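Enquirer: I'd like to ask some things about the structure below.
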Amino acid sequence: MKLFFHFGRYLYLMGKVFTRPEKGAMYIRQTFRELLFIGLDSLGIVAVVSVFMGAVLTLQVGINFVHPLIPNYLVGLTVRDTMILEFSSTIICLILAGKVGSNIASEIGTMRITEQIDALEIMGVNSASYLIMPKLIASLLFFPLLTLVSTILGVLGGLAVSIATGVVTIHDYIDGLHLFFNPFYISYSLVKMVFFALVITTVSAYHGYFTFGGALEVGKSSTRAVVSSIILILILNLIITQLMLT
Amino acid sequence: MIRIENIHKKFADKPVLNGISCEFAPGQTNLIIGRSGSGKTVLLKSVVGLHEVDRGSISYDGEEFVNAGAKKRRQIRRQVGMVFQGGALFTSESVENNVRFPLEMFSDLSKQDKQKRVNECLERVGVEDVNDAFPSEISGGMQKRVAIARAIVLNPRYLFCDEPNSGLDPRTAIRIDELIHEITLEYNMTTIINTHDMNSVMQIGDHIIYLHEGKKWWEGEKSEIFDTGNKQFNDFVFASEMTKKLVKS
């Protein structure tokens with residue numbers, strides 16, 4: 001029953017979010033700000049994780065695919081497809097659920113308990129729309145970009161470790177990157193990222209917006225936001241994969 | 001003029017407001033007083049719609065508020081300024097941007113005129129030279145002043161203050177009270193203040209309502225408060241030794 005309660009309240013909140021802004025210019029300004037906080041500020045962690053994950057993947061595949069019948073170029077191919085299909089969308093989003101999701105929930109939650117949201121309402125501002133819409137737009141614009149950056153950096157990480165360790169030759173690695181490339185995988189990854197961006201932003205904002213109490217509750221909301229987002233991402237990943245790849 | 005009639009509000013079956021009715025006239029400071037937990041903040045927040053009442057009616061200059069749609073409510077709220085207990089300033093914005101926010105959102109003034117109005121309001125509340133500071137960098141008293149500046153920047157018709165001088169030293173508290181009183185007269189606003197501070201009552205209370213356990217127990221002017229014959233109210237008024245001595249003298 002609690003699930004239905006939360007779902008109903010989430011839909012109610014989204015109804016408030018998707019309304020006509022009071023002043024478009026203020027929303028645009030806020031969106032640029034969120035692009036900085038949500039997007040650019042996440043670039044560092046995404047870059048670091050992607051490079052290392054690409055490098056580790058290359059090592060693992062290179063070490064395990066040692067068989068006369070398995071061509072060496074499969075290392076590059078495996079790294080490329082793993083990054084595109086799963087890592088740069090799903091795993092990166094699980095990380096972003098922790099970083100961005102907790103940030104959104106705690107920011108909005110703190111605004112709630114310090115009456116800043118009440119202050120917005122009293123001014124006649126649709127607080128839900130003003131606070132959540134710019135974050136949502138920023139996520140929808142930037143998260144797919146992060147997927148592409150992550151894929152490229154992951155592949156480069158693999159290339160770097162190939163050069164450094166010689167687990168596979170550069171020639172074989174690059175050959176693998178070119179072989180059997182299916183552009184649809186990119187579309188699949190981007191579609192997933194759009195849905196995940198929607199989940200991370202709105203679910204985290206929901207938990208923050210309905211925070212009541214004090215600092216302790218802000219922390220709890222933040223944790224709930226991350227856990228809910230992660231579970232929903234995993235479920236959505238399964239559904240989207242079933243719908244798009246089978 | 002704000003008129004409330006027979007307002008009822010419960011939280012989880014616990015009645016918090018029990019059939020309160022009263023009127024708040026413009027150009028005077030209306031004080032809602034009472035002990036902690038008497039329902040003052042719930043009443044104030046109900047009047048501005050931050051809490052939905054279970055029963056009763058609230059009207060702003062004849063315009064019904066309780067049953068009004070979201071759009072109508074927002075229109076009414078744009079004529080409302082509110083000073084929250086903790087200030088409720090936007091912590092990620094500078095002092096100047098806090099005051100400018102309502103102008104950016106709802107006015108069509110030019111950039112220069114907005115800046116002029118922001119400076120006017122900050123000057124009016126006695127806050128200068130901290131335009132670029134963040135709320136966390138200024139004192140509690142200054143935060144309250146900035147909150148007042150933000151509340152009046154759009155020339156509201158109604159001003160609500162939730163314990164505006166709580167957490168302030170007596171001198172600053174009196175100054176904040178005086179400031180609200182002066183602004184009320186200057187803008188001819190309908191001002192409603194929540195407080196449990198007897199200094200405020202004696203200083204600026206034009207019209208006073210005493211709440212106890214969610215009910216209105218007394219209503220009148222400050223000149224009458226020492227002679228009401230109302231036990232509950234007397235217990236509140238004469239709680240401090242200072243007040244007792246003041247009355248005896």
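Identifiers in the structure tokens: chain A, B, ... in order shown; residue index from 1 per chain; ligand index from 1 in order shown.
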Per residue of chain A within 10 Å of chain B, record the nearest atom pair and its distance in Å to one decimal, counting only C-alpha atoms, with rows in chain order and ascending residue number, as JSON lines.

Expert:
```
{"residue": "A:Pro21", "atom": "CA", "partner": "B:Met105", "partner_atom": "CA", "distance": 10.0}
{"residue": "A:Glu22", "atom": "CA", "partner": "B:Met105", "partner_atom": "CA", "distance": 7.1}
{"residue": "A:Lys23", "atom": "CA", "partner": "B:Met105", "partner_atom": "CA", "distance": 6.0}
{"residue": "A:Gly24", "atom": "CA", "partner": "B:Met105", "partner_atom": "CA", "distance": 9.2}
{"residue": "A:Ala25", "atom": "CA", "partner": "B:Met105", "partner_atom": "CA", "distance": 8.8}
{"residue": "A:Met26", "atom": "CA", "partner": "B:Met105", "partner_atom": "CA", "distance": 6.9}
{"residue": "A:Tyr27", "atom": "CA", "partner": "B:Met105", "partner_atom": "CA", "distance": 9.6}
{"residue": "A:Thr110", "atom": "CA", "partner": "B:Thr91", "partner_atom": "CA", "distance": 9.9}
{"residue": "A:Met111", "atom": "CA", "partner": "B:Phe90", "partner_atom": "CA", "distance": 8.0}
{"residue": "A:Arg112", "atom": "CA", "partner": "B:Ala88", "partner_atom": "CA", "distance": 9.6}
{"residue": "A:Ile113", "atom": "CA", "partner": "B:Ala88", "partner_atom": "CA", "distance": 9.4}
{"residue": "A:Thr114", "atom": "CA", "partner": "B:Ala88", "partner_atom": "CA", "distance": 5.9}
{"residue": "A:Glu115", "atom": "CA", "partner": "B:Ala88", "partner_atom": "CA", "distance": 5.3}
{"residue": "A:Gln116", "atom": "CA", "partner": "B:Ala88", "partner_atom": "CA", "distance": 4.8}
{"residue": "A:Ile117", "atom": "CA", "partner": "B:Ala88", "partner_atom": "CA", "distance": 8.4}
{"residue": "A:Asp118", "atom": "CA", "partner": "B:Leu50", "partner_atom": "CA", "distance": 7.1}
{"residue": "A:Ala119", "atom": "CA", "partner": "B:Ala88", "partner_atom": "CA", "distance": 6.5}
{"residue": "A:Leu120", "atom": "CA", "partner": "B:Pro102", "partner_atom": "CA", "distance": 9.0}
{"residue": "A:Glu121", "atom": "CA", "partner": "B:Arg77", "partner_atom": "CA", "distance": 7.9}
{"residue": "A:Ile122", "atom": "CA", "partner": "B:Arg77", "partner_atom": "CA", "distance": 5.6}
{"residue": "A:Met123", "atom": "CA", "partner": "B:Arg78", "partner_atom": "CA", "distance": 5.4}
{"residue": "A:Gly124", "atom": "CA", "partner": "B:Arg74", "partner_atom": "CA", "distance": 4.4}
{"residue": "A:Val125", "atom": "CA", "partner": "B:Arg74", "partner_atom": "CA", "distance": 7.2}
{"residue": "A:Asn126", "atom": "CA", "partner": "B:Arg74", "partner_atom": "CA", "distance": 8.3}
```

Enquirer: Could those residues be written to a file, using N, CA and C atoms, as a CSV table (one decimal), in the first residue's frame?

Expert:
```csv
chain,number,residue,atom,x,y,z
A,21,PRO,N,6.0,27.6,-16.8
A,21,PRO,CA,6.8,28.4,-15.8
A,21,PRO,C,6.3,29.8,-15.7
A,22,GLU,N,6.5,30.4,-14.5
A,22,GLU,CA,6.0,31.8,-14.3
A,22,GLU,C,6.8,32.8,-15.1
A,23,LYS,N,8.1,32.5,-15.2
A,23,LYS,CA,9.0,33.4,-16.0
A,23,LYS,C,10.1,32.5,-16.6
A,24,GLY,N,10.0,32.3,-17.9
A,24,GLY,CA,10.9,31.4,-18.6
A,24,GLY,C,12.3,31.8,-18.4
A,25,ALA,N,12.7,33.1,-18.4
A,25,ALA,CA,14.1,33.5,-18.3
A,25,ALA,C,14.7,33.0,-17.0
A,26,MET,N,13.9,33.0,-15.9
A,26,MET,CA,14.4,32.5,-14.6
A,26,MET,C,14.7,31.0,-14.7
A,27,TYR,N,13.8,30.3,-15.3
A,27,TYR,CA,14.0,28.9,-15.5
A,27,TYR,C,15.2,28.5,-16.3
A,110,THR,N,16.9,20.1,2.4
A,110,THR,CA,17.3,21.2,3.3
A,110,THR,C,16.5,22.5,3.0
A,111,MET,N,16.2,22.7,1.8
A,111,MET,CA,15.3,23.9,1.5
A,111,MET,C,13.9,23.7,2.1
A,112,ARG,N,13.4,22.5,2.2
A,112,ARG,CA,12.1,22.2,2.8
A,112,ARG,C,12.2,22.5,4.3
A,113,ILE,N,13.2,21.9,5.0
A,113,ILE,CA,13.2,22.0,6.4
A,113,ILE,C,13.5,23.4,6.9
A,114,THR,N,14.2,24.2,6.0
A,114,THR,CA,14.5,25.6,6.4
A,114,THR,C,13.5,26.6,5.9
A,115,GLU,N,12.4,26.0,5.4
A,115,GLU,CA,11.2,26.8,5.0
A,115,GLU,C,11.5,27.6,3.7
A,116,GLN,N,12.6,27.3,3.0
A,116,GLN,CA,12.8,28.1,1.8
A,116,GLN,C,11.8,27.7,0.7
A,117,ILE,N,11.3,26.5,0.7
A,117,ILE,CA,10.3,26.1,-0.2
A,117,ILE,C,9.0,26.8,0.1
A,118,ASP,N,8.7,26.9,1.4
A,118,ASP,CA,7.5,27.7,1.8
A,118,ASP,C,7.6,29.1,1.4
A,119,ALA,N,8.8,29.6,1.5
A,119,ALA,CA,9.0,31.0,1.1
A,119,ALA,C,8.7,31.2,-0.4
A,120,LEU,N,9.1,30.2,-1.2
A,120,LEU,CA,8.9,30.3,-2.7
A,120,LEU,C,7.3,30.2,-2.9
A,121,GLU,N,6.7,29.3,-2.2
A,121,GLU,CA,5.2,29.2,-2.4
A,121,GLU,C,4.5,30.5,-2.0
A,122,ILE,N,4.9,31.1,-0.9
A,122,ILE,CA,4.3,32.3,-0.5
A,122,ILE,C,4.5,33.4,-1.5
A,123,MET,N,5.6,33.4,-2.2
A,123,MET,CA,5.8,34.4,-3.2
A,123,MET,C,4.9,34.2,-4.4
A,124,GLY,N,4.3,33.0,-4.5
A,124,GLY,CA,3.5,32.7,-5.6
A,124,GLY,C,4.2,31.9,-6.7
A,125,VAL,N,5.4,31.4,-6.3
A,125,VAL,CA,6.2,30.6,-7.3
A,125,VAL,C,5.8,29.1,-7.1
A,126,ASN,N,5.7,28.4,-8.2
A,126,ASN,CA,5.4,27.0,-8.2
A,126,ASN,C,6.8,26.3,-7.8
```

Enquirer: For segment 2-12 of chain B, list every protein, DNA or RNA residue within 6 Å, evaluated using only C-alpha atoms, and leave out those in the same chain fewer than 3 positions away; present the list as a list in words.

Expert: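 The neighbour list is Pro15, Val16, Leu17, Asn18, Gly19, Ile20, Ser21, Cys22, Glu23, Phe24, Val53, Asp54, Arg55, Gly56, Ser57, Ile58, Ser59 and Tyr60 of chain B.
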
Enquirer: Residues of segment 34-230 of chain B classed as strand (DSSP E) by DSSP on the backbone are to be reported as a PyMOL selection string.

Expert: chain B and resi 34+55-60+63-64+80-83+158-162+190-195+207-212+215-220

Enquirer: What lies within 8 Å of Ser139 of chain A using only C-alpha atoms, ignoring chain neighbours under 3 positions off, as a list in words?

Expert: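 Close residues of Ser139 of chain A: Leu35, Ile38, Gly39, Lys135, Leu136, Phe142, Phe143, Ala197, Leu198 and Thr201 of chain A.
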
Enquirer: Dump C-alpha atoms for the selected residues as a compact mmCIF listing (two decimals), in the first residue's frame?

Expert:
```txt
# COMPACT_ATOMS: atom_id res chain seq x y z
CA LEU A 35 24.05 22.10 -16.08
CA ILE A 38 24.73 18.31 -12.24
CA GLY A 39 26.61 17.95 -15.50
CA LYS A 135 17.45 19.91 -12.79
CA LEU A 136 15.51 17.55 -15.00
CA PHE A 142 23.93 16.19 -19.97
CA PHE A 143 23.61 12.54 -18.97
CA ALA A 197 18.34 10.62 -15.98
CA LEU A 198 14.58 10.97 -15.55
CA THR A 201 16.38 13.46 -10.99
```

Enquirer: At a cut-off of 6 Å, using only C-alpha atoms, what residues contact segment 87-102 of chain A? Leave out same-chain residues fewer than 6 positions from it and give the result as a PDB file with C-alpha atoms, in the first residue's frame.

Expert:
```pdb
ATOM      1  CA  THR A 147      27.580   8.300 -21.703  1.00  0.00           C
ATOM      2  CA  SER A 150      32.480   7.592 -20.687  1.00  0.00           C
ATOM      3  CA  THR A 151      32.557   5.239 -23.673  1.00  0.00           C
ATOM      4  CA  SER A 189      22.707   3.261 -24.587  1.00  0.00           C
ATOM      5  CA  MET A 193      20.540   7.131 -20.242  1.00  0.00           C
ATOM      6  CA  ILE A 200      17.585   9.859 -10.838  1.00  0.00           C
ATOM      7  CA  SER A 204      15.637  12.140  -5.782  1.00  0.00           C
ATOM      8  CA  SER A 222      19.100  11.355   0.674  1.00  0.00           C
ATOM      9  CA  VAL A 226      19.863   6.805  -3.782  1.00  0.00           C
ATOM     10  CA  ILE A 230      19.375   2.363  -7.963  1.00  0.00           C
TER      11      ILE A 230
END
```

Enquirer: Could you give me, as a VMD selection string, the residues within 9 Å of segment 111-116 of chain B, counting only C-alpha atoms and dropping anything in the same chain fewer than 6 positions from it?

Expert: chain B and resid 96 100 103 to 104
